[in-house]
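Structure record follows, encoded as structure tokens.
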Protein chains: 2
Amino acid sequence: MATKPDPVQPADDAALSQARALMTLRHAALAWADAETGHPSVSRIAFGLCPEGGPLTLISALAPHSAGLRADPRCSVMLGEVGDKGDPLTHPRLMIRARATFVAADDPARPALRDHWLKGHPKAALYIDFADFAFVRLVPESALLNGGFARACRLSAAELQGPGQVAE
Amino acid sequence: MATKPDPVQPADDAALSQARALMTLRHAALAWADAETGHPSVSRIAFGLCPEGGPLTLISALAPHSAGLRADPRCSVMLGEVGDKGDPLTHPRLMIRARATFVAADDPARPALRDHWLKGHPKAALYIDFADFAFVRLVPESALLNGGFARACRLSAAELQGPGQVAE
């Protein structure tokens, strides 16, 4: 019996560059499990990187995904814009499987996250210090880059981080 | 002890119109559970409506969300474009909690779904009849419309369907 070819390939340098470019986007779709039922749910989130290059978001305790991530930290983010032309499924997007870690208000790392976040999200100055807002690290486990129709690559957490993301 | 005001309001006519406008979009973010681990996952999908107005997608059996939805039909879709200007979190989006129902290749309803789909997604003619592609109904359970920062409404499945969606 012939085996089906695996449609997912390991990442080459072009794929790594594309993945890292997508990680500079400022918003993402977050998949999370409902705190009570486990129903897979989706929200738009603000997206950015820590000074060290790892994915980060800033969320309100009033948002339903906040309770969801506290109950089950497993989540995924999708990064990628759909352009005006052509089939939306041919536009590149990066899906990162991650675990959410909340950063406490008194965490010694918070001031550096806050300063770095405001460089990329200046409008967040309006609410970044509200008591119900918290930073959440989205620690990658693996990723899938879909570079267009039938062009998909797997990326490890280490490949996603990459040397280019460490330096500011 | 004072109770916190509920940030989510029932839907008014303006919210219903906005929700139905978002349902005319051609792609969405789908949240689904991984078939093996249950990890909340996210994919971009093609989105459209059945002739009767219900949410519909067309997916390949090679896509990881196909196996996920067959193992656990619970899912959510998010509809909404982010414009070029301003905070992405102020742009409206609709999140629909749903259950996926696969339409078999020999389902008597398939020809009508196929014809209707091609009107909205003419480029799908390239692959719509491939053996690994299937229509999947995304039957709504409830929805949340986020019309911008701190403006959210709940919608029932009946409100989502609405009289305006039945007619072509």
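Chains: A, B, ... in order of the structure tokens. Residues: from 1 per chain. Ligands: from 1, in order shown.
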Strand (DSSP E) positions in stretch 78-165 of chain A, given as a CSV table (one decimal) with C-alpha atoms, in the first residue's frame:
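Wrote it out as states-v8.csv, contents follow:
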```csv
chain,number,residue,atom,x,y,z
A,78,MET,CA,-2.8,32.6,14.8
A,79,LEU,CA,-0.9,35.5,13.3
A,93,ARG,CA,-0.3,32.6,8.7
A,94,LEU,CA,1.5,31.2,11.7
A,95,MET,CA,-0.2,29.0,14.3
A,96,ILE,CA,1.7,28.7,17.6
A,97,ARG,CA,0.6,26.1,20.2
A,98,ALA,CA,1.4,27.5,23.6
A,99,ARG,CA,0.8,27.6,27.4
A,100,ALA,CA,-0.3,30.8,29.1
A,101,THR,CA,1.6,32.0,32.1
A,102,PHE,CA,0.1,35.1,33.9
A,133,PHE,CA,-5.2,44.1,33.1
A,134,ALA,CA,-2.3,41.5,33.2
A,135,PHE,CA,0.5,40.4,30.9
A,136,VAL,CA,0.3,36.8,29.9
A,137,ARG,CA,3.3,35.0,28.4
A,138,LEU,CA,2.3,32.6,25.6
A,139,VAL,CA,5.1,30.0,25.9
A,140,PRO,CA,5.4,28.1,22.6
A,141,GLU,CA,5.4,24.4,22.4
A,142,SER,CA,5.4,24.1,18.6
A,143,ALA,CA,4.2,25.9,15.6
A,144,LEU,CA,2.9,25.4,12.1
A,145,LEU,CA,3.5,27.9,9.3
A,146,ASN,CA,1.1,27.9,6.4
A,147,GLY,CA,2.8,29.8,3.7
A,148,GLY,CA,-0.1,29.4,1.2
A,151,ARG,CA,2.6,24.9,1.7
A,152,ALA,CA,3.0,24.0,5.4
A,153,CYS,CA,6.0,23.7,7.7
A,154,ARG,CA,6.5,22.6,11.2
A,155,LEU,CA,8.6,24.7,13.5
A,156,SER,CA,9.9,23.8,17.0
```
Distance query stretch 36-52 of chain A at most 9 Å, only C-alpha atoms, self and fewer than 3 positions along chain excluded, as a ChimeraX atom specification: /A:23-33,55-59,63-65,68,71-72,77,79,112-113,116-117,120-121,137,161,165-168 /B:29-33,39-42,74-78,87-89,93,95-97
Separation of atom CA of A:Ala61 from atom CA of B:Ala15, in Å and rounded to one decimal: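 Going from atom CA of A:Ala61 over to atom CA of B:Ala15 covers 23.6 Å.
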Would you superpose chain B on chain A, least squares on all C-alpha atoms in order, and hand back the fitted chain as a PDB file with C-alpha atoms, in the first residue's frame?
```
ATOM      1  CA  MET B   1      -0.438  -0.043   0.327  1.00  0.00           C
ATOM      2  CA  ALA B   2       1.080   3.274  -0.700  1.00  0.00           C
ATOM      3  CA  THR B   3       1.651   5.767   2.124  1.00  0.00           C
ATOM      4  CA  LYS B   4       0.249   9.258   1.689  1.00  0.00           C
ATOM      5  CA  PRO B   5       2.963  11.932   1.379  1.00  0.00           C
ATOM      6  CA  ASP B   6       3.161  14.105   4.501  1.00  0.00           C
ATOM      7  CA  PRO B   7       1.885  17.547   3.433  1.00  0.00           C
ATOM      8  CA  VAL B   8       3.852  19.209   6.242  1.00  0.00           C
ATOM      9  CA  GLN B   9       7.564  19.853   5.672  1.00  0.00           C
ATOM     10  CA  PRO B  10      10.398  20.861   8.045  1.00  0.00           C
ATOM     11  CA  ALA B  11      11.132  24.598   8.026  1.00  0.00           C
ATOM     12  CA  ASP B  12      13.856  26.027   5.757  1.00  0.00           C
ATOM     13  CA  ASP B  13      15.461  29.481   6.127  1.00  0.00           C
ATOM     14  CA  ALA B  14      12.775  31.191   4.050  1.00  0.00           C
ATOM     15  CA  ALA B  15      10.084  29.674   6.273  1.00  0.00           C
ATOM     16  CA  LEU B  16      11.900  30.788   9.439  1.00  0.00           C
ATOM     17  CA  SER B  17      12.143  34.351   8.113  1.00  0.00           C
ATOM     18  CA  GLN B  18       8.468  34.337   7.219  1.00  0.00           C
ATOM     19  CA  ALA B  19       7.520  33.029  10.682  1.00  0.00           C
ATOM     20  CA  ARG B  20       9.570  35.691  12.442  1.00  0.00           C
ATOM     21  CA  ALA B  21       8.070  38.430  10.273  1.00  0.00           C
ATOM     22  CA  LEU B  22       4.573  37.252  11.235  1.00  0.00           C
ATOM     23  CA  MET B  23       5.592  37.424  14.908  1.00  0.00           C
ATOM     24  CA  THR B  24       6.029  41.190  14.598  1.00  0.00           C
ATOM     25  CA  LEU B  25       2.261  41.630  14.091  1.00  0.00           C
ATOM     26  CA  ARG B  26       0.320  43.503  16.789  1.00  0.00           C
ATOM     27  CA  HIS B  27      -2.777  41.329  17.080  1.00  0.00           C
ATOM     28  CA  ALA B  28      -3.674  37.672  16.814  1.00  0.00           C
ATOM     29  CA  ALA B  29      -6.520  35.186  17.076  1.00  0.00           C
ATOM     30  CA  LEU B  30      -6.313  33.206  20.328  1.00  0.00           C
ATOM     31  CA  ALA B  31      -7.856  29.736  20.721  1.00  0.00           C
ATOM     32  CA  TRP B  32      -8.622  28.758  24.324  1.00  0.00           C
ATOM     33  CA  ALA B  33     -10.881  26.341  26.204  1.00  0.00           C
ATOM     34  CA  ASP B  34     -13.983  27.642  28.025  1.00  0.00           C
ATOM     35  CA  ALA B  35     -13.363  27.562  31.783  1.00  0.00           C
ATOM     36  CA  GLU B  36     -16.614  25.701  32.526  1.00  0.00           C
ATOM     37  CA  THR B  37     -17.299  23.524  29.493  1.00  0.00           C
ATOM     38  CA  GLY B  38     -13.943  23.194  27.729  1.00  0.00           C
ATOM     39  CA  HIS B  39     -15.621  24.337  24.483  1.00  0.00           C
ATOM     40  CA  PRO B  40     -12.879  25.552  22.086  1.00  0.00           C
ATOM     41  CA  SER B  41     -13.274  29.323  21.910  1.00  0.00           C
ATOM     42  CA  VAL B  42     -11.649  32.165  19.997  1.00  0.00           C
ATOM     43  CA  SER B  43     -10.829  35.810  20.774  1.00  0.00           C
ATOM     44  CA  ARG B  44      -8.874  38.624  19.207  1.00  0.00           C
ATOM     45  CA  ILE B  45      -5.926  39.584  21.369  1.00  0.00           C
ATOM     46  CA  ALA B  46      -3.216  42.203  21.335  1.00  0.00           C
ATOM     47  CA  PHE B  47       0.085  40.486  20.478  1.00  0.00           C
ATOM     48  CA  GLY B  48       3.682  41.418  21.073  1.00  0.00           C
ATOM     49  CA  LEU B  49       7.017  39.973  22.093  1.00  0.00           C
ATOM     50  CA  CYS B  50       8.909  40.021  25.397  1.00  0.00           C
ATOM     51  CA  PRO B  51      12.310  41.733  25.321  1.00  0.00           C
ATOM     52  CA  GLU B  52      13.696  38.147  25.082  1.00  0.00           C
ATOM     53  CA  GLY B  53      11.564  37.384  22.017  1.00  0.00           C
ATOM     54  CA  GLY B  54       8.809  35.194  23.428  1.00  0.00           C
ATOM     55  CA  PRO B  55       5.119  35.786  22.576  1.00  0.00           C
ATOM     56  CA  LEU B  56       3.198  38.005  24.993  1.00  0.00           C
ATOM     57  CA  THR B  57      -0.290  39.425  25.356  1.00  0.00           C
ATOM     58  CA  LEU B  58      -2.026  41.923  27.637  1.00  0.00           C
ATOM     59  CA  ILE B  59      -5.553  40.952  28.683  1.00  0.00           C
ATOM     60  CA  SER B  60      -8.368  42.149  30.920  1.00  0.00           C
ATOM     61  CA  ALA B  61      -9.762  39.929  33.661  1.00  0.00           C
ATOM     62  CA  LEU B  62     -13.196  40.867  32.232  1.00  0.00           C
ATOM     63  CA  ALA B  63     -12.387  39.103  28.932  1.00  0.00           C
ATOM     64  CA  PRO B  64     -13.763  35.543  28.863  1.00  0.00           C
ATOM     65  CA  HIS B  65     -10.407  34.150  27.695  1.00  0.00           C
ATOM     66  CA  SER B  66      -8.825  35.373  30.929  1.00  0.00           C
ATOM     67  CA  ALA B  67     -10.885  32.898  33.003  1.00  0.00           C
ATOM     68  CA  GLY B  68     -10.366  30.258  30.301  1.00  0.00           C
ATOM     69  CA  LEU B  69      -6.568  30.543  30.373  1.00  0.00           C
ATOM     70  CA  ARG B  70      -6.506  30.493  34.176  1.00  0.00           C
ATOM     71  CA  ALA B  71      -8.510  27.224  34.172  1.00  0.00           C
ATOM     72  CA  ASP B  72      -6.557  25.601  31.286  1.00  0.00           C
ATOM     73  CA  PRO B  73      -3.338  27.303  30.129  1.00  0.00           C
ATOM     74  CA  ARG B  74      -3.264  25.405  26.825  1.00  0.00           C
ATOM     75  CA  CYS B  75      -3.920  27.750  23.910  1.00  0.00           C
ATOM     76  CA  SER B  76      -2.908  28.652  20.365  1.00  0.00           C
ATOM     77  CA  VAL B  77      -2.372  31.917  18.534  1.00  0.00           C
ATOM     78  CA  MET B  78      -2.730  32.582  14.817  1.00  0.00           C
ATOM     79  CA  LEU B  79      -0.818  35.476  13.262  1.00  0.00           C
ATOM     80  CA  GLY B  80      -1.323  36.707   9.720  1.00  0.00           C
ATOM     81  CA  GLU B  81      -3.226  39.356   7.812  1.00  0.00           C
ATOM     82  CA  VAL B  82      -5.467  38.605   4.892  1.00  0.00           C
ATOM     83  CA  GLY B  83      -4.772  40.940   2.010  1.00  0.00           C
ATOM     84  CA  ASP B  84      -7.375  42.522  -0.220  1.00  0.00           C
ATOM     85  CA  LYS B  85      -6.768  40.231  -3.175  1.00  0.00           C
ATOM     86  CA  GLY B  86      -7.006  36.572  -3.974  1.00  0.00           C
ATOM     87  CA  ASP B  87      -8.057  33.550  -1.928  1.00  0.00           C
ATOM     88  CA  PRO B  88      -7.641  34.252   1.837  1.00  0.00           C
ATOM     89  CA  LEU B  89      -6.307  30.713   2.246  1.00  0.00           C
ATOM     90  CA  THR B  90      -3.237  31.574   0.164  1.00  0.00           C
ATOM     91  CA  HIS B  91      -2.102  34.325   2.576  1.00  0.00           C
ATOM     92  CA  PRO B  92       0.614  33.206   5.044  1.00  0.00           C
ATOM     93  CA  ARG B  93      -0.241  32.580   8.677  1.00  0.00           C
ATOM     94  CA  LEU B  94       1.576  31.174  11.675  1.00  0.00           C
ATOM     95  CA  MET B  95      -0.162  29.020  14.281  1.00  0.00           C
ATOM     96  CA  ILE B  96       1.680  28.684  17.605  1.00  0.00           C
ATOM     97  CA  ARG B  97       0.659  26.103  20.206  1.00  0.00           C
ATOM     98  CA  ALA B  98       1.451  27.540  23.617  1.00  0.00           C
ATOM     99  CA  ARG B  99       0.847  27.545  27.352  1.00  0.00           C
ATOM    100  CA  ALA B 100      -0.275  30.742  29.051  1.00  0.00           C
ATOM    101  CA  THR B 101       1.569  32.024  32.113  1.00  0.00           C
ATOM    102  CA  PHE B 102       0.104  35.065  33.886  1.00  0.00           C
ATOM    103  CA  VAL B 103       2.554  37.734  35.050  1.00  0.00           C
ATOM    104  CA  ALA B 104       1.572  39.013  38.523  1.00  0.00           C
ATOM    105  CA  ALA B 105       1.263  42.777  39.087  1.00  0.00           C
ATOM    106  CA  ASP B 106       4.223  42.637  41.494  1.00  0.00           C
ATOM    107  CA  ASP B 107       6.376  40.341  39.321  1.00  0.00           C
ATOM    108  CA  PRO B 108       9.861  41.896  39.128  1.00  0.00           C
ATOM    109  CA  ALA B 109       9.818  41.264  35.352  1.00  0.00           C
ATOM    110  CA  ARG B 110       6.682  43.380  34.805  1.00  0.00           C
ATOM    111  CA  PRO B 111       8.277  46.861  34.482  1.00  0.00           C
ATOM    112  CA  ALA B 112      10.507  45.696  31.613  1.00  0.00           C
ATOM    113  CA  LEU B 113       7.571  43.977  29.885  1.00  0.00           C
ATOM    114  CA  ARG B 114       5.490  47.143  30.344  1.00  0.00           C
ATOM    115  CA  ASP B 115       8.146  49.432  28.834  1.00  0.00           C
ATOM    116  CA  HIS B 116       8.755  47.090  25.915  1.00  0.00           C
ATOM    117  CA  TRP B 117       5.011  46.624  25.261  1.00  0.00           C
ATOM    118  CA  LEU B 118       4.348  50.369  25.106  1.00  0.00           C
ATOM    119  CA  LYS B 119       6.946  50.782  22.341  1.00  0.00           C
ATOM    120  CA  GLY B 120       4.906  48.504  20.081  1.00  0.00           C
ATOM    121  CA  HIS B 121       1.442  49.351  21.458  1.00  0.00           C
ATOM    122  CA  PRO B 122       1.501  53.041  22.411  1.00  0.00           C
ATOM    123  CA  LYS B 123      -2.318  53.244  22.640  1.00  0.00           C
ATOM    124  CA  ALA B 124      -2.230  50.647  25.443  1.00  0.00           C
ATOM    125  CA  ALA B 125      -1.023  53.465  27.725  1.00  0.00           C
ATOM    126  CA  LEU B 126      -4.740  54.216  28.221  1.00  0.00           C
ATOM    127  CA  TYR B 127      -5.356  50.945  30.111  1.00  0.00           C
ATOM    128  CA  ILE B 128      -2.058  49.134  30.725  1.00  0.00           C
ATOM    129  CA  ASP B 129      -2.070  50.052  34.426  1.00  0.00           C
ATOM    130  CA  PHE B 130      -5.738  49.251  35.120  1.00  0.00           C
ATOM    131  CA  ALA B 131      -5.952  46.728  37.978  1.00  0.00           C
ATOM    132  CA  ASP B 132      -7.829  44.189  35.830  1.00  0.00           C
ATOM    133  CA  PHE B 133      -5.164  44.055  33.071  1.00  0.00           C
ATOM    134  CA  ALA B 134      -2.348  41.526  33.168  1.00  0.00           C
ATOM    135  CA  PHE B 135       0.463  40.406  30.905  1.00  0.00           C
ATOM    136  CA  VAL B 136       0.296  36.772  29.875  1.00  0.00           C
ATOM    137  CA  ARG B 137       3.288  34.967  28.397  1.00  0.00           C
ATOM    138  CA  LEU B 138       2.316  32.543  25.630  1.00  0.00           C
ATOM    139  CA  VAL B 139       5.126  30.016  25.928  1.00  0.00           C
ATOM    140  CA  PRO B 140       5.425  28.128  22.605  1.00  0.00           C
ATOM    141  CA  GLU B 141       5.391  24.345  22.397  1.00  0.00           C
ATOM    142  CA  SER B 142       5.440  24.062  18.601  1.00  0.00           C
ATOM    143  CA  ALA B 143       4.273  25.946  15.548  1.00  0.00           C
ATOM    144  CA  LEU B 144       2.901  25.436  12.071  1.00  0.00           C
ATOM    145  CA  LEU B 145       3.560  27.925   9.300  1.00  0.00           C
ATOM    146  CA  ASN B 146       1.127  27.873   6.432  1.00  0.00           C
ATOM    147  CA  GLY B 147       2.811  29.807   3.663  1.00  0.00           C
ATOM    148  CA  GLY B 148      -0.099  29.426   1.256  1.00  0.00           C
ATOM    149  CA  PHE B 149      -2.221  26.722  -0.333  1.00  0.00           C
ATOM    150  CA  ALA B 150      -0.631  23.303   0.370  1.00  0.00           C
ATOM    151  CA  ARG B 151       2.620  24.857   1.667  1.00  0.00           C
ATOM    152  CA  ALA B 152       3.007  24.058   5.366  1.00  0.00           C
ATOM    153  CA  CYS B 153       6.052  23.748   7.658  1.00  0.00           C
ATOM    154  CA  ARG B 154       6.476  22.601  11.227  1.00  0.00           C
ATOM    155  CA  LEU B 155       8.640  24.740  13.530  1.00  0.00           C
ATOM    156  CA  SER B 156       9.967  23.852  16.958  1.00  0.00           C
ATOM    157  CA  ALA B 157       9.792  26.271  19.889  1.00  0.00           C
ATOM    158  CA  ALA B 158      13.570  26.815  19.504  1.00  0.00           C
ATOM    159  CA  GLU B 159      13.267  27.638  15.793  1.00  0.00           C
ATOM    160  CA  LEU B 160      10.485  30.095  16.580  1.00  0.00           C
ATOM    161  CA  GLN B 161      12.593  31.909  19.131  1.00  0.00           C
ATOM    162  CA  GLY B 162      15.580  32.166  16.820  1.00  0.00           C
ATOM    163  CA  PRO B 163      18.664  34.344  17.249  1.00  0.00           C
ATOM    164  CA  GLY B 164      17.011  37.306  15.522  1.00  0.00           C
ATOM    165  CA  GLN B 165      14.363  37.694  18.226  1.00  0.00           C
ATOM    166  CA  VAL B 166      16.681  38.033  21.198  1.00  0.00           C
ATOM    167  CA  ALA B 167      18.158  41.412  20.369  1.00  0.00           C
ATOM    168  CA  GLU B 168      15.956  44.475  20.310  1.00  0.00           C
TER     169      GLU B 168
END
```
Per-residue DSSP, stretch 60-114 of chain A, filtered to alpha helix (DSSP H), as a PDB file with C-alpha atoms, in the first residue's frame:
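Listed below is the output, part-v3.pdb:
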```
ATOM      1  CA  PRO A  64     -13.753  35.553  28.876  1.00  0.00           C
ATOM      2  CA  HIS A  65     -10.405  34.165  27.718  1.00  0.00           C
ATOM      3  CA  SER A  66      -8.826  35.402  30.940  1.00  0.00           C
ATOM      4  CA  ALA A  67     -10.884  32.929  33.024  1.00  0.00           C
ATOM      5  CA  GLY A  68     -10.373  30.283  30.321  1.00  0.00           C
ATOM      6  CA  LEU A  69      -6.572  30.564  30.399  1.00  0.00           C
ATOM      7  CA  ARG A  70      -6.505  30.535  34.197  1.00  0.00           C
ATOM      8  CA  ALA A  71      -8.510  27.264  34.202  1.00  0.00           C
ATOM      9  CA  ARG A 110       6.678  43.412  34.782  1.00  0.00           C
ATOM     10  CA  PRO A 111       8.281  46.893  34.470  1.00  0.00           C
ATOM     11  CA  ALA A 112      10.524  45.704  31.584  1.00  0.00           C
ATOM     12  CA  LEU A 113       7.565  43.993  29.866  1.00  0.00           C
ATOM     13  CA  ARG A 114       5.494  47.165  30.309  1.00  0.00           C
TER      14      ARG A 114
END
```
